[in-house]
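Participant: Input structure: data.txt, which contains compact mmCIF, C-alpha atoms and all ligand atoms.
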# COMPACT_ATOMS: atom_id res chain seq x y z
CA MET A 1 17.15 -0.15 -20.66
CA SER A 2 14.21 -1.11 -18.46
CA SER A 3 13.87 -0.16 -14.80
CA PRO A 4 15.37 -2.53 -12.22
CA ILE A 5 12.29 -1.87 -10.05
CA LYS A 6 10.19 -5.04 -10.16
CA ARG A 7 7.32 -3.90 -8.01
CA HIS A 8 6.08 -0.54 -6.77
CA PHE A 9 3.88 -0.02 -3.71
CA PHE A 10 1.96 3.25 -3.50
CA VAL A 11 0.60 4.00 -0.03
CA CYS A 12 -1.99 6.72 0.37
CA THR A 13 -0.91 8.97 3.23
CA ASN A 14 -3.43 11.72 2.57
CA SER A 15 -4.89 13.29 5.71
CA ARG A 16 -8.04 15.34 6.09
CA PRO A 17 -9.47 17.02 9.18
CA PRO A 18 -11.43 14.58 11.39
CA GLU A 19 -14.74 16.28 10.54
CA ALA A 20 -14.15 15.81 6.79
CA LYS A 21 -14.46 12.74 4.59
CA PRO A 22 -12.39 9.78 5.92
CA SER A 23 -8.72 9.67 4.97
CA CYS A 24 -5.98 7.06 5.10
CA GLY A 25 -3.55 9.32 6.94
CA ILE A 26 -5.93 9.70 9.88
CA LYS A 27 -6.24 5.90 9.99
CA GLY A 28 -2.49 5.39 10.42
CA SER A 29 -1.24 4.93 6.87
CA PRO A 30 2.03 6.87 7.42
CA ASN A 31 2.97 4.02 9.76
CA LEU A 32 2.14 1.46 7.07
CA TYR A 33 4.43 3.33 4.70
CA MET A 34 7.26 3.25 7.26
CA LYS A 35 6.73 -0.45 7.97
CA LEU A 36 6.87 -1.30 4.26
CA MET A 37 10.08 0.70 3.92
CA GLU A 38 11.53 -1.23 6.86
CA GLU A 39 10.63 -4.49 5.11
CA VAL A 40 12.48 -3.35 1.97
CA GLU A 41 15.56 -2.73 4.13
CA LYS A 42 15.23 -5.95 6.11
CA ARG A 43 14.84 -8.02 2.96
CA ASN A 44 17.61 -6.24 1.09
CA LEU A 45 15.21 -5.29 -1.71
CA PHE A 46 16.37 -1.73 -2.17
CA GLY A 47 16.55 -1.00 -5.90
CA LYS A 48 14.15 -3.84 -6.71
CA ILE A 49 11.07 -2.81 -4.72
CA ALA A 50 9.88 0.79 -4.45
CA VAL A 51 7.52 2.18 -1.82
CA THR A 52 6.07 5.65 -2.36
CA ALA A 53 3.77 7.72 -0.14
CA THR A 54 1.05 9.30 -2.25
CA GLY A 55 -1.92 11.59 -2.03
CA CYS A 56 -5.49 10.30 -2.23
CA LEU A 57 -5.91 7.20 -4.41
CA GLY A 58 -9.71 7.27 -4.44
CA PRO A 59 -11.30 4.66 -2.13
CA CYS A 60 -11.10 6.92 0.95
CA PHE A 61 -13.98 5.28 2.86
CA ASP A 62 -12.19 1.91 2.71
CA GLY A 63 -8.65 3.06 3.47
CA PRO A 64 -5.90 2.79 4.26
CA SER A 65 -5.41 2.12 0.56
CA ILE A 66 -2.37 0.67 -1.20
CA VAL A 67 -1.96 -0.02 -4.91
CA VAL A 68 0.80 -2.25 -6.28
CA TYR A 69 2.20 -2.22 -9.81
CA PRO A 70 2.81 -3.87 -12.22
CA GLU A 71 -0.02 -6.12 -10.99
CA GLY A 72 -2.46 -3.24 -10.51
CA VAL A 73 -3.66 -4.82 -7.27
CA TRP A 74 -5.51 -2.56 -4.84
CA TYR A 75 -5.59 -3.26 -1.11
CA ALA A 76 -8.11 -1.74 1.31
CA ASN A 77 -8.46 -1.46 5.08
CA VAL A 78 -4.81 -2.36 5.52
CA THR A 79 -3.50 -2.43 9.10
CA GLU A 80 -0.05 -2.81 10.60
CA ALA A 81 -0.87 -6.44 11.34
CA ASP A 82 -1.14 -7.04 7.56
CA ILE A 83 2.33 -5.75 6.75
CA PRO A 84 4.28 -8.99 7.41
CA ASP A 85 1.91 -10.88 5.12
CA ILE A 86 2.16 -8.24 2.38
CA ALA A 87 5.95 -8.13 2.71
CA GLU A 88 6.49 -11.88 2.71
CA ASN A 89 3.99 -12.80 0.03
CA HIS A 90 3.51 -9.84 -2.30
CA MET A 91 6.68 -7.78 -1.87
CA GLN A 92 9.02 -10.76 -1.81
CA ASN A 93 7.16 -13.36 -3.89
CA GLY A 94 4.67 -11.45 -6.05
CA GLN A 95 1.60 -13.17 -4.59
CA THR A 96 -1.55 -11.13 -4.09
CA ILE A 97 -3.12 -11.16 -0.61
CA ASP A 98 -6.68 -12.02 -1.66
CA ARG A 99 -8.30 -11.20 1.69
CA LEU A 100 -7.12 -7.57 1.39
CA VAL A 101 -8.03 -6.93 -2.25
CA TYR A 102 -10.30 -3.94 -2.70
CA LYS A 103 -13.57 -4.68 -4.45
CA TRP A 104 -14.32 -1.72 -6.67
CA PRO A 105 -17.97 -0.72 -6.80
CA GLN A 106 -19.59 -1.54 -10.14
CA ILE A 107 -20.30 1.56 -12.22
S1 LIG B 201 -7.54 9.46 1.46
FE1 LIG B 201 -6.59 7.55 0.98
S2 LIG B 201 -7.68 6.87 -0.74
FE2 LIG B 201 -8.48 8.84 -0.37
Translate this structure into structure tokens?

Facilitator:
Amino acid sequence: MSSPIKRHFFVCTNSRPPEAKPSCGIKGSPNLYMKLMEEVEKRNLFGKIAVTATGCLGPCFDGPSIVVYPEGVWYANVTEADIPDIAENHMQNGQTIDRLVYKWPQI
């Protein structure tokens, strides 16, 4: 039997000391996590949409970082002002927010 979870948001909430490398937690990502959880409640999506706070996802200099599966879409520099857009379009309707998509450096 497959999981009833249709979409899973992972929000980096890692924090480092201010004098260290940048981190999403210092830039307010715990609040983003809470706001996304509120949207799940408001939209009655519990059991269909998961939101998980995680450790470092990698693109620390461009955080706060969020990755969404199954699409494998990465968002960067997310702010609280972006949450309604993410909730309405991606969480609810599965549409990527192009303006927030992280552009991975070419290796
Ligand atoms: S601290 Fe968030 S991606 Fe590294």

Participant: Which residues form the shell of 6 Å around ligand LIG 201 (chain B) when you count only C-alpha atoms and all ligand atoms, given as a PyMOL selection string?

Facilitator: chain A and resi 12+14+23-24+56-60+63-65

Participant: Calculated over only C-alpha atoms, which of the candidates A:Pro84, A:Pro105, A:Gly94, A:Gly25 has the smallest distance to A:Glu39?

Facilitator: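 The closest residue to A:Glu39 is A:Pro84.
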
Participant: Name the residues in contact with A:Asp98 at a cut-off of 12 Å, using all atoms listed in the file, excluding same-chain residues fewer than 3 positions from it; report them as a PyMOL selection string.

Facilitator: chain A and resi 73-76+82+85-86+89-90+95+101-103

Participant: Could you please take those selected residues and save C-alpha atoms as a PDB file, in the frame of the given file?

Facilitator:
ATOM      1  CA  VAL A  73      -3.660  -4.820  -7.270  1.00  0.00           C
ATOM      2  CA  TRP A  74      -5.510  -2.560  -4.840  1.00  0.00           C
ATOM      3  CA  TYR A  75      -5.590  -3.260  -1.110  1.00  0.00           C
ATOM      4  CA  ALA A  76      -8.110  -1.740   1.310  1.00  0.00           C
ATOM      5  CA  ASP A  82      -1.140  -7.040   7.560  1.00  0.00           C
ATOM      6  CA  ASP A  85       1.910 -10.880   5.120  1.00  0.00           C
ATOM      7  CA  ILE A  86       2.160  -8.240   2.380  1.00  0.00           C
ATOM      8  CA  ASN A  89       3.990 -12.800   0.030  1.00  0.00           C
ATOM      9  CA  HIS A  90       3.510  -9.840  -2.300  1.00  0.00           C
ATOM     10  CA  GLN A  95       1.600 -13.170  -4.590  1.00  0.00           C
ATOM     11  CA  VAL A 101      -8.030  -6.930  -2.250  1.00  0.00           C
ATOM     12  CA  TYR A 102     -10.300  -3.940  -2.700  1.00  0.00           C
ATOM     13  CA  LYS A 103     -13.570  -4.680  -4.450  1.00  0.00           C
TER      14      LYS A 103
END

Participant: Hey, which of A:Gln92, A:Asn31, A:Gln106, A:Ser15 ends up closest to A:Asn44? Count all atoms listed in the file.

Facilitator: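 Of all the options, A:Gln92 lies closest to A:Asn44.
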
Participant: Between A:Val67, A:Ser29, A:Val78, A:Ile49, which residue has the minimum interatomic distance to A:Thr13, considering all atoms listed in the file?

Facilitator: A:Ser29

Participant: What is the atom CA of A:Thr54 to atom CA of A:Phe10 distance in Å?

Facilitator: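 We find that atom CA of A:Thr54 and atom CA of A:Phe10 lie 6.2 Å from each other.
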
Participant: Separation of atom CA of A:Glu71 and atom CA of A:Glu88, in Å?

Facilitator: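 So the two atoms, atom CA of A:Glu71 and atom CA of A:Glu88, lie 16.2 Å apart.
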
Participant: For A:Leu36, which residue out of A:Glu80, A:Asn93, A:Asp62, A:Leu100 is the nearest one, using only C-alpha atoms?

Facilitator: A:Glu80

Participant: Could you check how far atom CA of A:Lys42 sits from atom CA of A:Gly72, in Å to one decimal?

Facilitator: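 Between atom CA of A:Lys42 and atom CA of A:Gly72 the gap works out to 24.4 Å.
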
Participant: Give the answer as one residue: which of A:Ala20, A:Ile66, A:Ile83, A:Met37 has the shortest atom-to-atom distance to A:Ala50, using all atoms listed in the file?

Facilitator: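 Smallest distance to A:Ala50 is found for A:Met37.
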
Participant: Rank nothing, just name the residue among A:Arg99, A:Lys21, A:Ala87, A:Ile26 nearest to A:Phe61, using only C-alpha atoms.

Facilitator: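 Ranking A:Arg99, A:Lys21, A:Ala87, A:Ile26 by distance to A:Phe61, first place goes to A:Lys21.
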